[in-house]
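These notes concern the structure reproduced below.
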Amino acid sequence: MAMAGLYRRLLPSPPAIDFASSEGKKLFIDAIQAGTMEGFYKLISYFQTQSEPAYCGLASLSMVLNALAIDPGRKWKGPWRWFDESMLDCCEPLEKVKAEGISFGKVVCLAQCAGAEVEAFRTSQTTIDHFRQFVKRCSVSDHCHVVSSYHRGTFKQTGTGHFSPIGGYHAGSDMVLILDVARFKYPPHWVPLTLLWEAMDTLDETTGHRRGFMLISQPQRDPGLLYTLSCKHESWVNVAKYLMDDVPHLLKSEDVKDMDGVLSILCASLPSDFGKFIQWVAEVRREQDGGIGISEEEKGRLAIKEELLKQVQDTGLFMNIVNFLSSTSCCRRVLAFGGNKNFHEIAASVCCQGAEILSGRSGTSGCSCCRETCLKCVNGSGDKPVTVLSATIVNGKNEEKVNMLVPQSMMKLCCGAPDPNNCIRTQPAGSNILTALMLALPPETWCGIKDEKLLEEVQSLVSTGNLPAMLQEEVLHLRRQLYLLKKCQENKCIKQEPLQYVKQGSSFHFPELSPSS
């Protein structure tokens with residue numbers, strides 16, 4: 001009986017050579033002997049088929065992240081932490097990717113958001129010789145991998161724009177092995193590197209920019225532990241523009257006399273969706289994953305968050321911001337940093353999002369609601385008490401319990417009152433977030449301040465040089481994200497320099513970040 005639909009496609013050859021063909025096997029053996037298939041083994045160990053027709057970018061990325069052994073820091077299913085397409089939603093809603101695919105810039109954003117080091121290039125910003133050098137570099141190592149964004153038509157294949165990792169290189173014939181993640185359509189295949197360059201050097205009609213390639217490698221440090229920037233909501237474009245372009249211009253055009261004036265300029269025109277741009281890194285888990293008990297690993301992460309929050313509050317900038325936001329003249333501005341929601345309302349929203357991610361529903365049109373929340377205090381033997389917020393999440397007829405692990409100082413920040421059920425003050429939480437954001441802004445942001453004494457004061461308050469090592473890393477991670485989002489907005493090529501630090505006595509010094517465009 002005839003069945004509707006398609007069963008695979010015949011690989012056009014030439015120009016491609018099927019990996020499993022006699023010629024493909026010979027190329028593979030030759031490349032192994034030449035030492036240019038070192039990245040292949042890890043990639044093939046985690047080779048996956050894209051789960052949706054438009055998920056090629058997500059499948060390529062999750063495959064590479066798993067090959068690099070990058071810990072996602074959250075559970076996939078059961079007790080397992082593992083990258084899956086359904087977890088890559090921090091830069092674009094999955095529903096939108098499923099319907100429209102994903103752009104080159106958003107895949108770069110996702111890779112960085114997941115904690116990887118990324119160097120990305122459009123063909124208009126580099127050369128074929130540089131591309132060949134990068135392919136060679138990754139083919140002799142399993143510490144970095146190349147993901148290519150290209151047009152299938154160049155290879156006489158059906159379809160248009162596509163993402164797939166490069167699994168190896170054959171120097172004698174100058175060919176690359178494409179590990180096509182659309183395995184339901186085409187098998188892995190060898191193509192001439194020059195032809196792949198031609199396929200990348202095509203215009204993406206959606207963005208109006210050339211395609212390209214990215215090098216994804218293991219991170220030099222853990223991703224943000226307390227804060228993160230999100231481009232999931234379209235409003236991020238306005239927020240990034242305001243912070244990177246408008247604030248420096250306003251500081252230069254206004255005659256600012258004191259620190260309150262600087263903060264007033266920063267807050268006065270802050271976009272209303274700012275709260276969706278910089279967010280807490282929350283830890284949410286299913287209750288059945290471990291009941292209320294807290295593992296040693298979870299205790300360790302909470303302890304780090306506690307220490308980071310304390311380090312933020314110990315900065316001189318934090319005290320200036322607290323005083324500013326506490327003044328009666330700026331009470332309206334406080335709403336930009338959390339509104340008048342109490343802790344339980346904020347936590348309920350976070351738990352809903354966490355439950356959707358854990359269930360693989362993130363980005364779908366289904367609606368989850370939190371029926372109830374309950375605070376519980378868990379005591380470990382000889383350990384400080386840990387606050388766990390337990391929530392019951394309802395989605396249609398389904399119901400599940402999730403827990404959010406809450407640092408003790410977070411309760412004080414969000415509540416400002418002994419009884420969390422009566423939380424109405426949000427200034428401390430706002431001060432915390434605004435402090436981190438101001439520290440993360442590029443140093444040149446403040447150069448337009450005319451008053452030399454004030455400029456010196458501001459530069460001293462926002463300098464990363466005097467921060468503890470842990471907070472330095474957190475701030476520079478946010479600065480990287482801000483820089484990356486700015487480049488994604490401009491659709492420029494992105495080169496993310498490794499974070500450099502040198503030991504000085506018992507502390508670490510991190511040089512100022514100076515990425516090239």
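In the structure tokens, chains take the letters A, B, ... in the order shown, each chain's residues start at 1, and ligands count up from 1 in the order shown.
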- Message: Would you pick out the contacts of A:Pro187 at 12 Å or less, using only C-alpha atoms, so that residues sharing its chain but fewer than 2 positions from it are not included, and give the list as a VMD selection string?
- Response: chain A and resid 8 to 13 16 to 21 24 47 to 49 157 164 177 to 185 189 to 190
- Message: Could you list, as number ranges by chain, every residue within 10 Å of A:Ile304, counting only C-alpha atoms and ignoring same-chain residues fewer than 5 positions away?
- Response: A: 225-226, 298-299, 309-310, 407, 470
- Item | Point-to-point distance in Å for atom CA of A:Thr202 and atom CA of A:Gln218 |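 Rounded to one decimal, the two atoms are 28.9 Å apart.
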- Write down as a ChimeraX atom specification the residues of stretch 170-202 of chain A whose backbone DSSP state falls under strand (DSSP E). /A:170,175-178,189-192
Would you write out those residues with all heavy atoms, as a compact mmCIF listing (two decimals), in the first residue's frame?
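Result written to part-v7.txt:
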# COMPACT_ATOMS: atom_id res chain seq x y z
N HIS A 170 40.10 16.20 4.45
CA HIS A 170 41.04 15.42 3.63
C HIS A 170 41.92 16.40 2.88
O HIS A 170 41.46 17.05 1.93
CB HIS A 170 40.28 14.51 2.67
CG HIS A 170 41.16 13.55 1.93
ND1 HIS A 170 41.84 13.90 0.78
CD2 HIS A 170 41.50 12.25 2.19
CE1 HIS A 170 42.54 12.87 0.35
NE2 HIS A 170 42.35 11.85 1.19
N MET A 175 38.91 18.34 0.75
CA MET A 175 37.49 18.07 0.96
C MET A 175 37.18 18.01 2.45
O MET A 175 38.03 17.66 3.27
CB MET A 175 37.08 16.76 0.29
CG MET A 175 37.27 16.74 -1.22
SD MET A 175 36.60 15.24 -1.99
CE MET A 175 34.88 15.70 -2.18
N VAL A 176 35.94 18.36 2.78
CA VAL A 176 35.48 18.30 4.17
C VAL A 176 34.34 17.29 4.27
O VAL A 176 33.60 17.06 3.31
CB VAL A 176 35.02 19.67 4.68
CG1 VAL A 176 36.17 20.65 4.74
CG2 VAL A 176 33.89 20.23 3.83
N LEU A 177 34.21 16.70 5.46
CA LEU A 177 33.13 15.76 5.72
C LEU A 177 32.01 16.49 6.44
O LEU A 177 32.20 16.99 7.55
CB LEU A 177 33.63 14.59 6.57
CG LEU A 177 32.57 13.57 7.00
CD1 LEU A 177 31.97 12.87 5.78
CD2 LEU A 177 33.16 12.56 7.98
N ILE A 178 30.84 16.55 5.82
CA ILE A 178 29.68 17.18 6.44
C ILE A 178 28.86 16.10 7.13
O ILE A 178 28.40 15.15 6.50
CB ILE A 178 28.82 17.93 5.39
CG1 ILE A 178 29.58 19.14 4.85
CG2 ILE A 178 27.50 18.37 6.01
CD1 ILE A 178 28.81 19.95 3.82
N HIS A 189 28.45 13.21 4.07
CA HIS A 189 29.08 13.21 2.74
C HIS A 189 30.26 14.17 2.69
O HIS A 189 30.34 15.14 3.43
CB HIS A 189 28.05 13.59 1.66
CG HIS A 189 27.22 14.81 2.00
ND1 HIS A 189 26.07 14.72 2.75
CD2 HIS A 189 27.37 16.12 1.68
CE1 HIS A 189 25.53 15.94 2.89
NE2 HIS A 189 26.31 16.80 2.26
N TRP A 190 31.18 13.82 1.81
CA TRP A 190 32.35 14.67 1.53
C TRP A 190 32.02 15.66 0.44
O TRP A 190 31.35 15.30 -0.53
CB TRP A 190 33.53 13.82 1.08
CG TRP A 190 34.08 12.86 2.08
CD1 TRP A 190 33.72 11.55 2.25
CD2 TRP A 190 35.11 13.12 3.04
NE1 TRP A 190 34.44 10.97 3.27
CE2 TRP A 190 35.32 11.92 3.77
CE3 TRP A 190 35.89 14.24 3.36
CZ2 TRP A 190 36.26 11.81 4.78
CZ3 TRP A 190 36.83 14.14 4.38
CH2 TRP A 190 37.01 12.94 5.07
N VAL A 191 32.47 16.91 0.60
CA VAL A 191 32.30 17.92 -0.46
C VAL A 191 33.60 18.72 -0.57
O VAL A 191 34.33 18.84 0.42
CB VAL A 191 31.12 18.89 -0.18
CG1 VAL A 191 29.79 18.16 -0.19
CG2 VAL A 191 31.32 19.64 1.13
N PRO A 192 33.91 19.26 -1.75
CA PRO A 192 35.09 20.11 -1.85
C PRO A 192 34.97 21.33 -0.94
O PRO A 192 33.89 21.96 -0.87
CB PRO A 192 35.09 20.53 -3.33
CG PRO A 192 34.29 19.47 -4.03
CD PRO A 192 33.24 19.06 -3.04
- Query: What is the distance between atom CA of A:Cys138 and atom CA of A:Lys26, in Å to one decimal?
  - Reply: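 Between these atoms lies a distance of 20.8 Å.
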Pull the closest atom pair for each residue of stretch 168-229 of chain A that gets at most 8 Å from stretch 63-82 of chain A, along with the distance in Å to one decimal, counting only C-alpha atoms, ordering rows by chain and then ascending residue number, as a Markdown table.
| residue | atom | partner | partner_atom | distance |
| --- | --- | --- | --- | --- |
| A:Ile216 | CA | A:Val64 | CA | 7.6 |
| A:Ser217 | CA | A:Leu68 | CA | 7.0 |
| A:Gln218 | CA | A:Leu68 | CA | 6.0 |
| A:Pro219 | CA | A:Ile70 | CA | 7.9 |
